[in-house]
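Everything below belongs to run_6.txt, which stores compact mmCIF, C-alpha atoms.
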```
# COMPACT_ATOMS: atom_id res chain seq x y z
CA MET A 1 80.49 83.82 123.39
CA THR A 2 82.14 80.86 125.17
CA ALA A 3 84.86 79.04 123.27
CA ASP A 4 84.26 75.42 122.40
CA PRO A 5 86.36 73.32 124.86
CA ALA A 6 87.10 70.84 122.08
CA ASP A 7 88.50 73.59 119.87
CA ASP A 8 90.56 74.91 122.76
CA THR A 9 92.05 71.48 123.44
CA ARG A 10 92.81 70.99 119.75
CA THR A 11 94.59 74.36 119.63
CA ARG A 12 96.63 73.52 122.73
CA ILE A 13 97.65 70.19 121.22
CA LEU A 14 98.79 71.85 118.00
CA ARG A 15 100.74 74.50 119.90
CA ALA A 16 102.49 71.90 122.06
CA ALA A 17 103.21 69.71 119.04
CA LEU A 18 104.79 72.62 117.16
CA ASP A 19 106.98 73.46 120.17
CA LEU A 20 108.14 69.87 120.57
CA PHE A 21 108.67 69.32 116.85
CA ALA A 22 110.81 72.47 116.80
CA GLU A 23 112.80 71.31 119.84
CA HIS A 24 113.30 67.63 119.01
CA GLY A 25 112.15 67.12 115.42
CA TYR A 26 109.05 65.35 114.21
CA GLN A 27 110.53 61.86 114.20
CA ARG A 28 111.82 62.09 117.79
CA THR A 29 108.61 63.49 119.25
CA SER A 30 105.97 61.02 120.43
CA LEU A 31 102.30 61.50 121.14
CA ARG A 32 103.07 60.54 124.73
CA GLN A 33 105.46 63.49 125.04
CA ILE A 34 102.83 65.85 123.68
CA GLY A 35 100.29 64.47 126.14
CA GLU A 36 102.69 64.80 129.07
CA ARG A 37 103.34 68.44 128.29
CA LEU A 38 99.60 69.13 128.32
CA ARG A 39 98.72 66.63 131.08
CA LEU A 40 96.54 64.76 128.63
CA THR A 41 96.42 61.04 127.91
CA LYS A 42 97.56 59.63 124.59
CA ALA A 43 93.93 58.63 124.01
CA ALA A 44 92.89 62.27 124.38
CA ILE A 45 95.42 63.26 121.71
CA LEU A 46 94.21 60.50 119.39
CA TYR A 47 90.62 61.66 119.82
CA HIS A 48 91.52 64.91 118.04
CA PHE A 49 94.29 63.57 115.78
CA PRO A 50 94.03 59.85 114.87
CA ALA A 51 97.74 59.71 113.94
CA LYS A 52 100.82 61.84 114.47
CA GLU A 53 101.02 62.68 110.78
CA HIS A 54 97.62 64.38 111.12
CA LEU A 55 99.27 66.82 113.50
CA LEU A 56 101.83 67.68 110.86
CA GLY A 57 99.14 68.20 108.24
CA ALA A 58 97.14 70.46 110.55
CA LEU A 59 100.21 72.57 111.36
CA VAL A 60 101.10 73.05 107.70
CA GLU A 61 97.51 73.59 106.49
CA PRO A 62 97.33 77.37 107.21
CA LEU A 63 100.51 77.95 105.18
CA VAL A 64 99.25 75.87 102.26
CA ALA A 65 95.79 77.47 102.35
CA ASP A 66 97.27 80.99 102.37
CA LEU A 67 99.45 80.20 99.34
CA GLU A 68 96.48 78.78 97.45
CA ALA A 69 94.41 81.89 98.27
CA LEU A 70 97.28 84.12 97.12
CA LEU A 71 97.47 82.42 93.73
CA ASP A 72 93.69 82.62 93.38
CA SER A 73 93.86 86.38 94.03
CA ALA A 74 96.38 86.84 91.21
CA GLN A 75 94.17 85.17 88.61
CA GLY A 76 92.92 87.56 85.96
CA GLN A 77 95.47 90.26 86.77
CA PRO A 78 97.79 91.61 84.04
CA THR A 79 101.02 89.63 83.78
CA GLU A 80 103.33 92.08 85.58
CA GLN A 81 100.81 92.86 88.31
CA ALA A 82 100.12 89.17 88.88
CA ARG A 83 103.85 88.43 89.06
CA TRP A 84 104.46 90.93 91.86
CA THR A 85 101.21 90.13 93.64
CA VAL A 86 102.47 86.56 93.97
CA LEU A 87 106.07 87.45 94.85
CA GLU A 88 105.28 90.07 97.50
CA GLY A 89 102.43 88.00 98.91
CA TRP A 90 104.67 84.92 98.97
CA VAL A 91 107.24 86.74 101.12
CA ASP A 92 104.55 87.94 103.53
CA ILE A 93 103.10 84.44 103.88
CA MET A 94 106.52 82.89 104.47
CA LEU A 95 107.22 85.42 107.21
CA ALA A 96 103.79 84.91 108.77
CA HIS A 97 104.44 81.15 109.03
CA ARG A 98 108.11 81.16 110.02
CA ARG A 99 107.90 78.41 112.65
CA PRO A 100 105.89 75.82 110.67
CA LEU A 101 108.05 76.58 107.64
CA GLY A 102 111.20 75.80 109.62
CA MET A 103 109.69 72.53 110.78
CA LEU A 104 108.67 71.64 107.23
CA PHE A 105 112.17 72.43 105.96
CA HIS A 106 113.77 69.98 108.40
CA ASP A 107 111.16 67.24 107.83
CA ILE A 108 110.26 67.89 104.19
CA ALA A 109 109.96 64.18 103.32
CA LEU A 110 107.08 63.83 105.75
CA VAL A 111 104.64 65.82 103.63
CA GLY A 112 104.66 63.01 101.09
CA ARG A 113 102.52 60.92 103.42
CA GLY A 114 99.31 62.77 102.58
CA ASP A 115 97.90 65.12 100.00
CA THR A 116 99.90 68.07 101.35
CA TYR A 117 102.85 67.22 99.11
CA HIS A 118 100.67 67.20 95.99
CA ARG A 119 99.09 70.52 96.98
CA LEU A 120 102.52 72.07 97.51
CA MET A 121 103.69 70.82 94.12
CA THR A 122 100.58 72.27 92.48
CA ILE A 123 101.18 75.58 94.26
CA ALA A 124 104.80 75.65 93.08
CA MET A 125 103.78 74.95 89.47
CA ARG A 126 101.07 77.63 89.55
CA ALA A 127 103.49 80.16 90.99
CA ASN A 128 106.04 79.27 88.33
CA ASP A 129 103.46 79.85 85.59
CA VAL A 130 102.46 83.27 86.98
CA ILE A 131 106.02 84.50 87.52
CA ALA A 132 107.35 83.24 84.18
CA GLY A 133 104.38 84.74 82.34
CA PRO A 134 102.17 83.19 79.65
CA ASP A 135 104.89 83.49 76.99
CA GLY A 136 107.79 82.53 79.23
CA GLY A 137 110.44 80.25 77.80
CA ARG A 138 112.84 77.89 79.54
CA ARG A 139 115.06 80.65 80.90
CA ASP A 140 112.03 82.57 82.22
CA ARG A 141 110.81 79.46 84.00
CA VAL A 142 114.23 78.79 85.51
CA ARG A 143 114.27 82.33 86.88
CA ALA A 144 110.74 81.86 88.18
CA VAL A 145 111.87 78.86 90.22
CA GLN A 146 114.83 80.88 91.49
CA ALA A 147 112.49 83.75 92.38
CA VAL A 148 110.30 81.52 94.53
CA ALA A 149 113.40 80.26 96.34
CA THR A 150 114.51 83.86 96.87
CA CYS A 151 111.12 84.56 98.47
CA SER A 152 111.22 81.44 100.67
CA ASP A 153 114.60 80.08 101.77
CA PRO A 154 115.96 83.12 103.67
CA VAL A 155 113.07 82.80 106.15
CA VAL A 156 114.55 79.48 107.31
CA PHE A 157 118.22 80.49 107.27
CA PHE A 158 117.97 83.96 108.84
CA THR A 159 115.75 83.27 111.83
CA ASP A 160 117.34 86.05 113.91
CA VAL A 161 116.61 88.82 111.39
CA PRO A 162 113.48 90.94 112.10
CA ASP A 163 110.56 90.44 109.73
CA GLU A 164 110.58 93.92 108.21
CA VAL A 165 114.32 93.83 107.52
CA LEU A 166 114.25 90.34 106.03
CA ARG A 167 111.20 91.26 103.92
CA ALA A 168 113.08 94.22 102.46
CA ASP A 169 116.15 92.09 101.72
CA MET A 170 114.13 89.30 100.11
CA LEU A 171 112.17 91.64 97.83
CA ASP A 172 115.38 93.46 96.92
CA GLY A 173 116.94 90.13 95.95
CA VAL A 174 114.05 89.01 93.77
CA ARG A 175 113.88 92.38 92.01
CA ARG A 176 117.60 92.17 91.23
CA LEU A 177 117.05 88.67 89.85
CA LEU A 178 114.08 89.47 87.64
CA THR A 179 114.78 93.13 86.78
CA PRO A 180 118.57 93.58 87.09
CA ASP A 181 118.48 96.91 85.22
CA ALA A 182 116.29 98.30 87.99
CA ALA A 183 118.84 97.61 90.73
CA PRO A 184 119.76 100.63 92.88
CA PRO A 185 122.60 102.78 91.46
CA PRO A 186 125.99 103.11 93.19
CA PRO A 187 126.62 106.03 95.58
CA ARG A 188 126.60 109.43 93.87
CA ASP A 189 129.92 110.42 95.41
CA LEU A 190 132.11 107.90 97.21
CA ALA A 191 134.44 110.59 98.52
CA THR A 192 131.55 112.49 100.10
CA ALA A 193 130.10 109.28 101.54
CA GLY A 194 133.44 108.50 103.17
CA ALA A 195 133.80 112.01 104.56
CA ALA A 196 130.38 111.76 106.20
CA VAL A 197 131.81 109.33 108.77
CA GLY A 198 135.34 110.71 108.89
CA SER A 199 136.85 108.13 106.57
CA PRO A 200 139.54 109.13 104.05
CA ALA A 201 138.48 109.54 100.44
CA PRO A 202 139.49 106.69 98.11
CA GLN A 203 142.90 107.15 96.54
CA ALA A 204 143.35 107.19 92.80
CA GLY A 205 143.57 103.66 91.53
CA ALA A 206 142.17 102.24 94.76
CA GLY A 207 139.93 99.20 94.53
CA ARG A 208 136.19 99.31 94.78
CA ARG A 209 134.17 99.03 97.99
CA ARG A 210 134.65 95.95 100.11
CA PRO A 211 132.95 92.85 98.67
CA GLY A 212 129.64 92.01 100.27
CA ARG A 213 128.88 95.59 101.39
CA PRO A 214 126.08 96.96 99.16
CA SER A 215 126.62 100.61 98.30
CA ALA A 216 122.93 101.43 98.05
CA LEU A 217 119.62 100.29 99.50
CA ALA A 218 116.52 99.12 97.72
CA ARG A 219 113.24 100.92 98.30
CA GLU A 220 112.00 98.40 100.89
CA GLN A 221 115.32 98.58 102.76
CA VAL A 222 115.20 102.37 102.83
CA GLU A 223 111.69 102.25 104.26
CA ALA A 224 112.75 99.72 106.91
CA ALA A 225 115.79 101.82 107.85
CA ARG A 226 113.69 104.95 108.22
CA ARG A 227 111.09 103.16 110.34
CA MET A 228 113.74 101.79 112.68
CA HIS A 229 115.42 105.19 112.95
CA ALA A 230 112.15 107.04 113.54
CA ALA A 231 111.09 104.57 116.22
CA GLY A 232 114.35 105.12 118.08
CA THR A 233 114.88 101.38 118.49
CA HIS A 234 118.08 101.20 116.42
CA SER A 235 121.15 103.39 116.19
CA VAL A 236 122.65 104.15 112.79
CA ASP A 237 125.36 101.58 113.55
CA ALA A 238 122.71 98.96 114.38
CA ILE A 239 120.75 99.71 111.20
CA ALA A 240 123.92 99.45 109.11
CA ALA A 241 124.84 96.13 110.71
CA THR A 242 121.32 94.75 110.25
CA LEU A 243 121.14 95.72 106.57
CA GLY A 244 124.77 94.80 105.83
CA VAL A 245 125.82 98.24 104.58
CA SER A 246 128.12 101.01 105.74
CA ARG A 247 127.11 103.82 108.11
CA ALA A 248 127.65 106.24 105.22
CA THR A 249 125.05 104.43 103.13
CA VAL A 250 122.53 104.54 105.98
CA TYR A 251 123.20 108.24 106.64
CA ARG A 252 122.76 109.04 102.96
CA HIS A 253 119.33 107.45 102.79
CA LEU A 254 118.17 108.82 106.14
CA THR A 255 119.07 112.41 105.31
CA ASP A 256 118.05 112.47 101.64
CA ASN A 257 114.26 112.40 102.04
CA ASN A 258 113.62 113.66 98.52
CA GLU A 259 115.48 110.94 96.69
CA THR A 260 113.68 108.50 94.42
CA VAL A 261 114.30 104.89 95.30
```
Spell out the structure here as structure tokens.
Amino acid sequence: MTADPADDTRTRILRAALDLFAEHGYQRTSLRQIGERLRLTKAAILYHFPAKEHLLGALVEPLVADLEALLDSAQGQPTEQARWTVLEGWVDIMLAHRRPLGMLFHDIALVGRGDTYHRLMTIAMRANDVIAGPDGGRRDRVRAVQAVATCSDPVVFFTDVPDEVLRADMLDGVRRLLTPDAAPPPPRDLATAGAAVGSPAPQAGAGRRRPGRPSALAREQVEAARRMHAAGTHSVDAIAATLGVSRATVYRHLTDNNETV
């Protein structure tokens, strides 16, 4: 089946617009620049998109539509299932739309020009209701807002982190926020963990591990570490650096295949 030339041109325009918006920002990119990159006239661009703001709406539409579909899919589910359907799906959607999300973050005020802003606000309120639960009070709703941010903002700030690693970190963070008692336990034996990499055992009265170095991995992080190790694409040192933990922590999770995480 032959592709519709009009659809192909529209797709090329959107792709070029996204590239230029990412390079120069929405405000500093003109329709003329988009046309020059594609060797199209400004009139040809306007045939498909009557105004530049229509380009922005078209680029953001897949993200908005996916979030709306996610919330629809959670309707009718039990409270806890619906909560995690939304949170895990939200992370996956954010990662799937990393580039448009970055553009939206830098030009957030622009979405107020059309109905996109109102749709996003409705999505945020629906997500808040699902995550907080039907009987959620003020504190539950505050945590719900924080949970959505946990499942969104890192995608913009950690653009160099691979999807599977960032996904594991984001879900670990939101679980610690909403279910702190379910956070991973500390290492079973710090002395043994240190000996595994030739480090001296902690002295009596010594301080705890260095701040900012988690002593254990969440389930998603363990799965990511094992996939990277099995694929042979990352050394133990590289996995430790990517996940922000010590080599001993990585070794412990790679070698203990029977542990429950």
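Here CA of Leu70 (chain A) and CA of Leu243 (chain A) stand 28.2 Å from one another.
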Select, from A:Trp84, A:Tyr47, A:Tyr26, A:Trp90, the residue with the minimum atom-to-atom distance to Leu63 (chain A), counting all atoms listed in the file. A:Trp90
Applying 7 Å and all atoms listed in the file, which residues near region 160-172 of chain A remain after dropping the ones on its own chain fewer than 6 positions away? List them as a short mmCIF file (atom, residue, chain, number, x, y, z; two decimals) with C-alpha atoms, in the coordinates of the input.
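Below you can see result_27.cif, which holds the result:
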```cif
data_model
loop_
_atom_site.label_atom_id
_atom_site.label_comp_id
_atom_site.auth_asym_id
_atom_site.auth_seq_id
_atom_site.Cartn_x
_atom_site.Cartn_y
_atom_site.Cartn_z
CA VAL A 91 107.24 86.74 101.12
CA LEU A 95 107.22 85.42 107.21
CA THR A 150 114.51 83.86 96.87
CA CYS A 151 111.12 84.56 98.47
CA ALA A 218 116.52 99.12 97.72
CA GLU A 220 112.00 98.40 100.89
CA GLN A 221 115.32 98.58 102.76
CA ALA A 224 112.75 99.72 106.91
#
```
Counting all atoms listed in the file, find the residues whose atoms lie at most 12 Å from (96.0, 70.3, 113.7) (file coordinates) and write them out as a PyMOL selection string. chain A and resi 7-18+45-62+100
Could you check which of A:Gly133, A:Gly76, A:Gly25, A:Pro180 is closest to Gly102 (chain A), using all atoms listed in the file? A:Gly25
Which of A:Thr41, A:Gln33, A:Thr179, A:Thr159 sits closest to Glu80 (chain A) [using all atoms listed in the file]: A:Thr179
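Minimum distance to Val130 (chain A) across A:Gln146, A:Ser152, A:Thr116, A:Gln81 (counting all atoms listed in the file) occurs at A:Gln81.
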Got a sec: who's within 12 Å of Met121 (chain A), counting only C-alpha atoms, leaving out chain neighbours fewer than 4 positions off, as a PyMOL selection string? chain A and resi 64+67-68+111-112+115-117+125-128
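Here CA of Phe21 (chain A) and CA of Leu101 (chain A) stand 11.7 Å from one another.
Around His253 (chain A), within 9 Å and counting all atoms listed in the file, the residues found are Ala216, Leu217, Val222, Ala225, Arg226 and Glu259 of chain A, once anything fewer than 6 positions away on its own chain is removed.
Separating CA of Val145 (chain A) from CA of Ala65 (chain A) is a distance of 20.2 Å.
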Box centre and edge lengths (Å, one decimal), axis-aligned, region 17-26 of chain A plus 5 Å each side, as AutoDock Vina command-line options:
```
--center_x 108.3 --center_y 69.4 --center_z 117.4 --size_x 20.1 --size_y 18.1 --size_z 16.4
```
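Distance annotation: of A:Ala96, A:Leu87, A:Ala230, A:Ile239, the residue with the minimal separation from Arg175 (chain A) is A:Leu87; atom set is only C-alpha atoms.
Of the residues under consideration (A:Asp19, A:Glu88, A:Asp237, A:Asp66), A:Glu88 shows the shortest atom-to-atom contact distance to Ile131 (chain A) when counting only C-alpha atoms.
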Student task, region 63-110 of chain A output with N, CA and C atoms as a CSV table (one decimal), in the first residue's frame:
```
chain,number,residue,atom,x,y,z
A,63,LEU,N,1.4,12.4,23.3
A,63,LEU,CA,1.6,12.3,24.8
A,63,LEU,C,0.3,12.4,25.5
A,64,VAL,N,-0.5,13.4,25.2
A,64,VAL,CA,-1.7,13.7,25.9
A,64,VAL,C,-2.7,12.5,25.7
A,65,ALA,N,-2.8,12.1,24.4
A,65,ALA,CA,-3.7,11.0,24.1
A,65,ALA,C,-3.4,9.7,24.9
A,66,ASP,N,-2.1,9.4,25.0
A,66,ASP,CA,-1.6,8.2,25.7
A,66,ASP,C,-2.0,8.3,27.2
A,67,LEU,N,-1.8,9.5,27.8
A,67,LEU,CA,-2.1,9.7,29.2
A,67,LEU,C,-3.6,9.5,29.4
A,68,GLU,N,-4.4,10.0,28.5
A,68,GLU,CA,-5.9,9.9,28.7
A,68,GLU,C,-6.3,8.4,28.5
A,69,ALA,N,-5.7,7.7,27.6
A,69,ALA,CA,-6.0,6.3,27.4
A,69,ALA,C,-5.6,5.5,28.7
A,70,LEU,N,-4.4,5.9,29.3
A,70,LEU,CA,-4.0,5.2,30.5
A,70,LEU,C,-5.0,5.3,31.6
A,71,LEU,N,-5.5,6.5,31.8
A,71,LEU,CA,-6.4,6.8,32.9
A,71,LEU,C,-7.7,6.1,32.6
A,72,ASP,N,-8.1,6.0,31.4
A,72,ASP,CA,-9.3,5.3,31.0
A,72,ASP,C,-9.2,3.8,31.4
A,73,SER,N,-8.0,3.2,31.1
A,73,SER,CA,-7.7,1.8,31.4
A,73,SER,C,-7.8,1.5,32.9
A,74,ALA,N,-7.5,2.5,33.7
A,74,ALA,CA,-7.5,2.2,35.2
A,74,ALA,C,-8.9,2.3,35.8
A,75,GLN,N,-9.9,2.8,35.0
A,75,GLN,CA,-11.2,2.9,35.5
A,75,GLN,C,-11.8,1.6,35.9
A,76,GLY,N,-12.4,1.5,37.0
A,76,GLY,CA,-13.1,0.2,37.4
A,76,GLY,C,-12.2,-0.8,38.1
A,77,GLN,N,-10.9,-0.5,38.1
A,77,GLN,CA,-9.9,-1.4,38.8
A,77,GLN,C,-10.0,-1.1,40.3
A,78,PRO,N,-9.7,-2.1,41.1
A,78,PRO,CA,-9.6,-1.9,42.6
A,78,PRO,C,-8.5,-0.8,42.9
A,79,THR,N,-8.7,-0.1,44.0
A,79,THR,CA,-7.9,1.1,44.3
A,79,THR,C,-6.4,0.9,44.1
A,80,GLU,N,-5.9,-0.1,44.8
A,80,GLU,CA,-4.4,-0.3,44.7
A,80,GLU,C,-4.0,-0.7,43.3
A,81,GLN,N,-4.7,-1.5,42.6
A,81,GLN,CA,-4.3,-1.9,41.3
A,81,GLN,C,-4.4,-0.7,40.3
A,82,ALA,N,-5.4,0.1,40.5
A,82,ALA,CA,-5.6,1.3,39.6
A,82,ALA,C,-4.4,2.3,39.9
A,83,ARG,N,-4.0,2.4,41.2
A,83,ARG,CA,-2.9,3.3,41.5
A,83,ARG,C,-1.7,3.0,40.8
A,84,TRP,N,-1.3,1.7,40.8
A,84,TRP,CA,0.0,1.3,40.2
A,84,TRP,C,-0.1,1.1,38.7
A,85,THR,N,-1.3,0.9,38.2
A,85,THR,CA,-1.5,0.9,36.8
A,85,THR,C,-1.2,2.3,36.2
A,86,VAL,N,-1.7,3.3,36.9
A,86,VAL,CA,-1.4,4.7,36.5
A,86,VAL,C,0.0,5.1,36.7
A,87,LEU,N,0.6,4.7,37.8
A,87,LEU,CA,2.0,5.2,38.1
A,87,LEU,C,3.0,4.5,37.2
A,88,GLU,N,2.9,3.2,37.0
A,88,GLU,CA,3.8,2.5,36.1
A,88,GLU,C,3.6,2.9,34.6
A,89,GLY,N,2.3,3.0,34.3
A,89,GLY,CA,2.0,3.4,32.9
A,89,GLY,C,2.5,4.8,32.6
A,90,TRP,N,2.4,5.7,33.7
A,90,TRP,CA,2.8,7.1,33.5
A,90,TRP,C,4.3,7.2,33.2
A,91,VAL,N,5.1,6.4,34.0
A,91,VAL,CA,6.5,6.3,33.7
A,91,VAL,C,6.8,5.9,32.3
A,92,ASP,N,6.2,4.8,31.8
A,92,ASP,CA,6.4,4.3,30.5
A,92,ASP,C,6.0,5.3,29.4
A,93,ILE,N,5.0,6.1,29.6
A,93,ILE,CA,4.6,7.1,28.7
A,93,ILE,C,5.5,8.2,28.7
A,94,MET,N,6.0,8.7,29.8
A,94,MET,CA,7.0,9.8,29.9
A,94,MET,C,8.2,9.4,29.1
A,95,LEU,N,8.7,8.1,29.3
A,95,LEU,CA,9.9,7.7,28.7
A,95,LEU,C,9.7,7.5,27.2
A,96,ALA,N,8.5,7.1,26.8
A,96,ALA,CA,8.2,7.0,25.3
A,96,ALA,C,8.2,8.3,24.6
A,97,HIS,N,7.9,9.4,25.3
A,97,HIS,CA,7.8,10.7,24.7
A,97,HIS,C,8.8,11.7,25.3
A,98,ARG,N,10.0,11.2,25.4
A,98,ARG,CA,11.1,12.0,26.1
A,98,ARG,C,11.3,13.4,25.4
A,99,ARG,N,11.4,13.3,24.1
A,99,ARG,CA,11.8,14.6,23.3
A,99,ARG,C,10.6,15.6,23.4
A,100,PRO,N,9.4,15.2,23.1
A,100,PRO,CA,8.3,16.2,23.2
A,100,PRO,C,8.1,16.7,24.6
A,101,LEU,N,8.4,15.9,25.6
A,101,LEU,CA,8.2,16.3,27.0
A,101,LEU,C,9.3,17.3,27.3
A,102,GLY,N,10.5,17.1,26.9
A,102,GLY,CA,11.5,18.1,27.1
A,102,GLY,C,11.2,19.5,26.5
A,103,MET,N,10.6,19.4,25.3
A,103,MET,CA,10.2,20.7,24.6
A,103,MET,C,9.1,21.3,25.4
A,104,LEU,N,8.1,20.5,25.9
A,104,LEU,CA,7.0,21.1,26.6
A,104,LEU,C,7.5,21.7,28.0
A,105,PHE,N,8.5,21.1,28.6
A,105,PHE,CA,9.0,21.6,29.9
A,105,PHE,C,9.6,23.0,29.7
A,106,HIS,N,10.3,23.2,28.6
A,106,HIS,CA,11.0,24.5,28.4
A,106,HIS,C,10.0,25.5,27.9
A,107,ASP,N,8.9,25.1,27.3
A,107,ASP,CA,7.9,26.1,26.7
A,107,ASP,C,6.5,25.8,27.3
A,108,ILE,N,6.4,25.5,28.6
A,108,ILE,CA,5.2,25.1,29.2
A,108,ILE,C,4.1,26.1,29.0
A,109,ALA,N,4.4,27.4,29.0
A,109,ALA,CA,3.4,28.4,28.9
A,109,ALA,C,2.6,28.4,27.6
A,110,LEU,N,3.3,27.8,26.6
A,110,LEU,CA,2.7,27.8,25.3
A,110,LEU,C,1.4,26.9,25.2
```
